[in-house]
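Trainee: My structure is below; once you've seen it, I'll send some questions.
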Amino acid sequence: MVTKVILFFSIMIAPLWASVTYSVSSEKVANAQTMLFELQSDETFSKAYVAYLGVRYPFYLHPSKADVFYALVPTGYYVKPKKKNAVIVTIVHGEKHYVSVPIMIVKGTYKSERLKVVSSCAKISKKNRARIKRENYEAKKIYHTFTKNSYITEPFLRPMESKITSAFGTKRVFNGVLKSYHSGTDFRAAVGTPLMAANAGKVVLVKNRFFAGNSVIIDHGQGIYTGYYHMSQFKVKKGDMVERGEVIGLAGATGRVTGPHLHFAVHVAGVGVDPMQFLEIINVLY
Ligand SMILES: [Zn+2]
């Protein structure tokens, strides 16, 4: 009896069940990788998003496919391997519709670096520790700032054409305990080599920072940020709008480094992701 009532009720509220078709770049994702969802609905929805690991990732109009929407969904570096559903939610006539997509989170094949001493944290002065804390807070605030519109109309470029000297994700292990990881992709770069904006956007940070040295962060809109560290010289200032491929600075060896290089970082909706895997995924859209 109860079942019948519920059934009747649901039919009354949602007489037309929206037909949704979707695709996902991969149903298997490693920690720190990004997934691309595409969605097509035969009914107009007022809102659509992917709910994944407790966060909602909105769908946007696909830049090159008519009537298709896309969402970029990142997995954090510290997320453990497990099977976890991503739920595509569409709201049609005020009614929520759900489609569950089983996602297998696997362990990324990141290298390990065993440290004999705990980095150099113990040697950092109290003043510098306070500075690091301030800089981390500032960066976190930037990455969680959400610009609704996208500045992007073309595929992403690499910030320079050069050899990758250190891949994203290398684990820094001390006494068997994961202490930190390499949060970007390092490119070989002699001091003075021009560095390009990977895509169009707004410069939101131009600053010398303790670890990252001279840093530029670009907001590409819709939660996507790229970061360029250890520069010798800035060619932009905060607030500037930059074109894809525009020179934003020159490579250098500022900050805590052993030699000149470019550290290139990408954040999606507040989550630090593997930049090279991200570029591959997002460039499918253009
Ligand atoms: Zn690096």
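By convention in this document, the chains of the structure tokens carry letters A, B, ... by their order, each chain's residues are numbered from 1, and ligands are numbered from 1 in the order they are shown.
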Contacts of segment 143-160 of chain A at 9 Å or less, counting only C-alpha atoms, minus same-chain residues fewer than 6 places along, as a count of residues only?

Mentor: 39

Trainee: Could you give me the residues within segment 98-271 of chain A that DSSP places in strand (DSSP E or B), as a VMD selection string?

Mentor: chain A and resid 98 to 106 112 to 115 150 164 to 166 171 to 174 177 to 181 185 to 188 194 to 196 201 to 209 213 to 221 224 to 231 233 to 234 241 to 242 247 to 250 252 261 to 268 271

Trainee: Can you pull out the residues contacting Val173 of chain A? Cut-off 8 Å, using only C-alpha atoms, and skip same-chain residues under 3 positions away; I want them as a PyMOL selection string.

Mentor: chain A and resi 112-115+176-180

Trainee: Find the residues around segment 49-59 of chain A up to 9 Å (only C-alpha atoms counted), leave out those fewer than 4 positions away in its own chain, and share them as number ranges by chain.

Mentor: A: 37-39, 69-75, 84-90, 269

Trainee: Those residues you just picked out, can you put them in a file as a PDB file, in the first residue's frame with C-alpha atoms?

Mentor:
ATOM      1  CA  PHE A  37      31.528  14.610 -18.151  1.00  0.00           C
ATOM      2  CA  GLU A  38      29.334  15.445 -21.138  1.00  0.00           C
ATOM      3  CA  LEU A  39      25.592  15.647 -20.859  1.00  0.00           C
ATOM      4  CA  PHE A  69      26.979  20.442 -21.588  1.00  0.00           C
ATOM      5  CA  TYR A  70      30.221  19.556 -19.860  1.00  0.00           C
ATOM      6  CA  ALA A  71      31.595  19.387 -16.328  1.00  0.00           C
ATOM      7  CA  LEU A  72      35.176  19.031 -15.157  1.00  0.00           C
ATOM      8  CA  VAL A  73      35.432  16.894 -12.042  1.00  0.00           C
ATOM      9  CA  PRO A  74      38.734  16.651 -10.156  1.00  0.00           C
ATOM     10  CA  THR A  75      39.843  13.982  -7.690  1.00  0.00           C
ATOM     11  CA  LYS A  84      32.519   5.812  -5.541  1.00  0.00           C
ATOM     12  CA  ASN A  85      29.519   6.956  -7.550  1.00  0.00           C
ATOM     13  CA  ALA A  86      29.447  10.305  -9.262  1.00  0.00           C
ATOM     14  CA  VAL A  87      25.826  11.421  -9.477  1.00  0.00           C
ATOM     15  CA  ILE A  88      24.599  13.510 -12.387  1.00  0.00           C
ATOM     16  CA  VAL A  89      21.783  15.703 -11.113  1.00  0.00           C
ATOM     17  CA  THR A  90      19.458  17.618 -13.412  1.00  0.00           C
ATOM     18  CA  ALA A 269      37.447  23.944  -8.366  1.00  0.00           C
TER      19      ALA A 269
END

Trainee: Taking only C-alpha atoms and all ligand atoms and a cut-off of 9 Å, can you tell me which residues surround ligand 1, written as an MDAnalysis selection string?

Mentor: chainID A and resid 165:168 182:187 212 229 257 261:265

Trainee: Would you pick out the contacts of Gln233 of chain A at 10 Å or less, using only C-alpha atoms, so that residues sharing its chain but fewer than 4 positions from it are not included, and give the list as an mmCIF file with N, CA, C and O atoms, in the first residue's frame?

Mentor:
data_model
loop_
_atom_site.group_PDB
_atom_site.id
_atom_site.type_symbol
_atom_site.label_atom_id
_atom_site.label_comp_id
_atom_site.auth_asym_id
_atom_site.auth_seq_id
_atom_site.Cartn_x
_atom_site.Cartn_y
_atom_site.Cartn_z
ATOM 1 N N VAL A 191 67.372 30.549 -17.191
ATOM 2 C CA VAL A 191 66.954 31.866 -16.704
ATOM 3 C C VAL A 191 66.731 32.788 -17.904
ATOM 4 O O VAL A 191 67.568 32.848 -18.811
ATOM 5 N N GLY A 192 65.579 33.433 -17.924
ATOM 6 C CA GLY A 192 65.281 34.387 -18.997
ATOM 7 C C GLY A 192 64.417 33.831 -20.113
ATOM 8 O O GLY A 192 64.003 34.578 -21.000
ATOM 9 N N THR A 193 64.132 32.516 -20.081
ATOM 10 C CA THR A 193 63.269 31.929 -21.120
ATOM 11 C C THR A 193 61.840 32.474 -20.968
ATOM 12 O O THR A 193 61.297 32.454 -19.865
ATOM 13 N N PRO A 194 61.240 32.961 -22.072
ATOM 14 C CA PRO A 194 59.865 33.480 -21.970
ATOM 15 C C PRO A 194 58.862 32.381 -21.584
ATOM 16 O O PRO A 194 58.937 31.265 -22.106
ATOM 17 N N ASN A 214 59.012 34.027 -7.460
ATOM 18 C CA ASN A 214 58.154 34.935 -8.236
ATOM 19 C C ASN A 214 57.076 34.123 -8.939
ATOM 20 O O ASN A 214 57.376 33.295 -9.804
ATOM 21 N N SER A 215 55.840 34.379 -8.562
ATOM 22 C CA SER A 215 54.716 33.540 -9.003
ATOM 23 C C SER A 215 53.655 34.360 -9.715
ATOM 24 O O SER A 215 53.348 35.479 -9.301
ATOM 25 N N ILE A 248 54.127 36.070 -19.986
ATOM 26 C CA ILE A 248 53.720 36.602 -18.676
ATOM 27 C C ILE A 248 54.918 36.805 -17.750
ATOM 28 O O ILE A 248 54.819 37.439 -16.713
ATOM 29 N N GLY A 249 56.062 36.238 -18.153
ATOM 30 C CA GLY A 249 57.259 36.389 -17.329
ATOM 31 C C GLY A 249 58.407 35.600 -17.918
ATOM 32 O O GLY A 249 58.251 34.946 -18.962
ATOM 33 N N LEU A 250 59.548 35.693 -17.243
ATOM 34 C CA LEU A 250 60.729 34.958 -17.702
ATOM 35 C C LEU A 250 61.110 33.923 -16.646
ATOM 36 O O LEU A 250 60.980 34.170 -15.439
ATOM 37 N N ALA A 251 61.580 32.782 -17.133
ATOM 38 C CA ALA A 251 61.946 31.701 -16.216
ATOM 39 C C ALA A 251 63.112 32.126 -15.322
ATOM 40 O O ALA A 251 63.922 32.979 -15.698
ATOM 41 N N GLY A 252 63.172 31.494 -14.153
ATOM 42 C CA GLY A 252 64.234 31.841 -13.215
ATOM 43 C C GLY A 252 64.430 30.772 -12.164
ATOM 44 O O GLY A 252 64.041 29.603 -12.368
ATOM 45 N N THR A 254 63.937 31.660 -8.614
ATOM 46 C CA THR A 254 63.568 32.308 -7.350
ATOM 47 C C THR A 254 62.777 31.343 -6.473
ATOM 48 O O THR A 254 62.175 30.398 -6.970
#

Trainee: Figure out the distance between atom CA of Asn31 of chain A and atom CA of Lys107 of chain A, please, to one decimal in Å.

Mentor: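 Atom CA of Asn31 of chain A lies 6.1 Å from atom CA of Lys107 of chain A.
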
Trainee: When you look at Tyr181 of chain A with a cut-off of 7 Å (counting only C-alpha atoms), what residues show up, excluding the ones that are within fewer than 4 positions of it in the same chain? I need them as a short mmCIF file (atom, residue, chain, number, x, y, z; two decimals) with N, CA, C and O atoms, in the first residue's frame.

Mentor:
data_model
loop_
_atom_site.label_atom_id
_atom_site.label_comp_id
_atom_site.auth_asym_id
_atom_site.auth_seq_id
_atom_site.Cartn_x
_atom_site.Cartn_y
_atom_site.Cartn_z
N GLY A 169 53.22 14.93 -8.90
CA GLY A 169 52.74 13.85 -8.04
C GLY A 169 53.78 13.05 -7.28
O GLY A 169 53.41 12.19 -6.47
N THR A 170 55.08 13.31 -7.54
CA THR A 170 56.11 12.53 -6.84
C THR A 170 55.90 12.63 -5.33
O THR A 170 55.81 13.73 -4.78
N LYS A 171 55.84 11.45 -4.71
CA LYS A 171 55.57 11.41 -3.27
C LYS A 171 56.83 11.70 -2.49
O LYS A 171 57.88 11.16 -2.80
N ARG A 172 56.73 12.53 -1.47
CA ARG A 172 57.87 12.75 -0.58
C ARG A 172 57.59 12.02 0.72
O ARG A 172 56.72 12.40 1.48
#
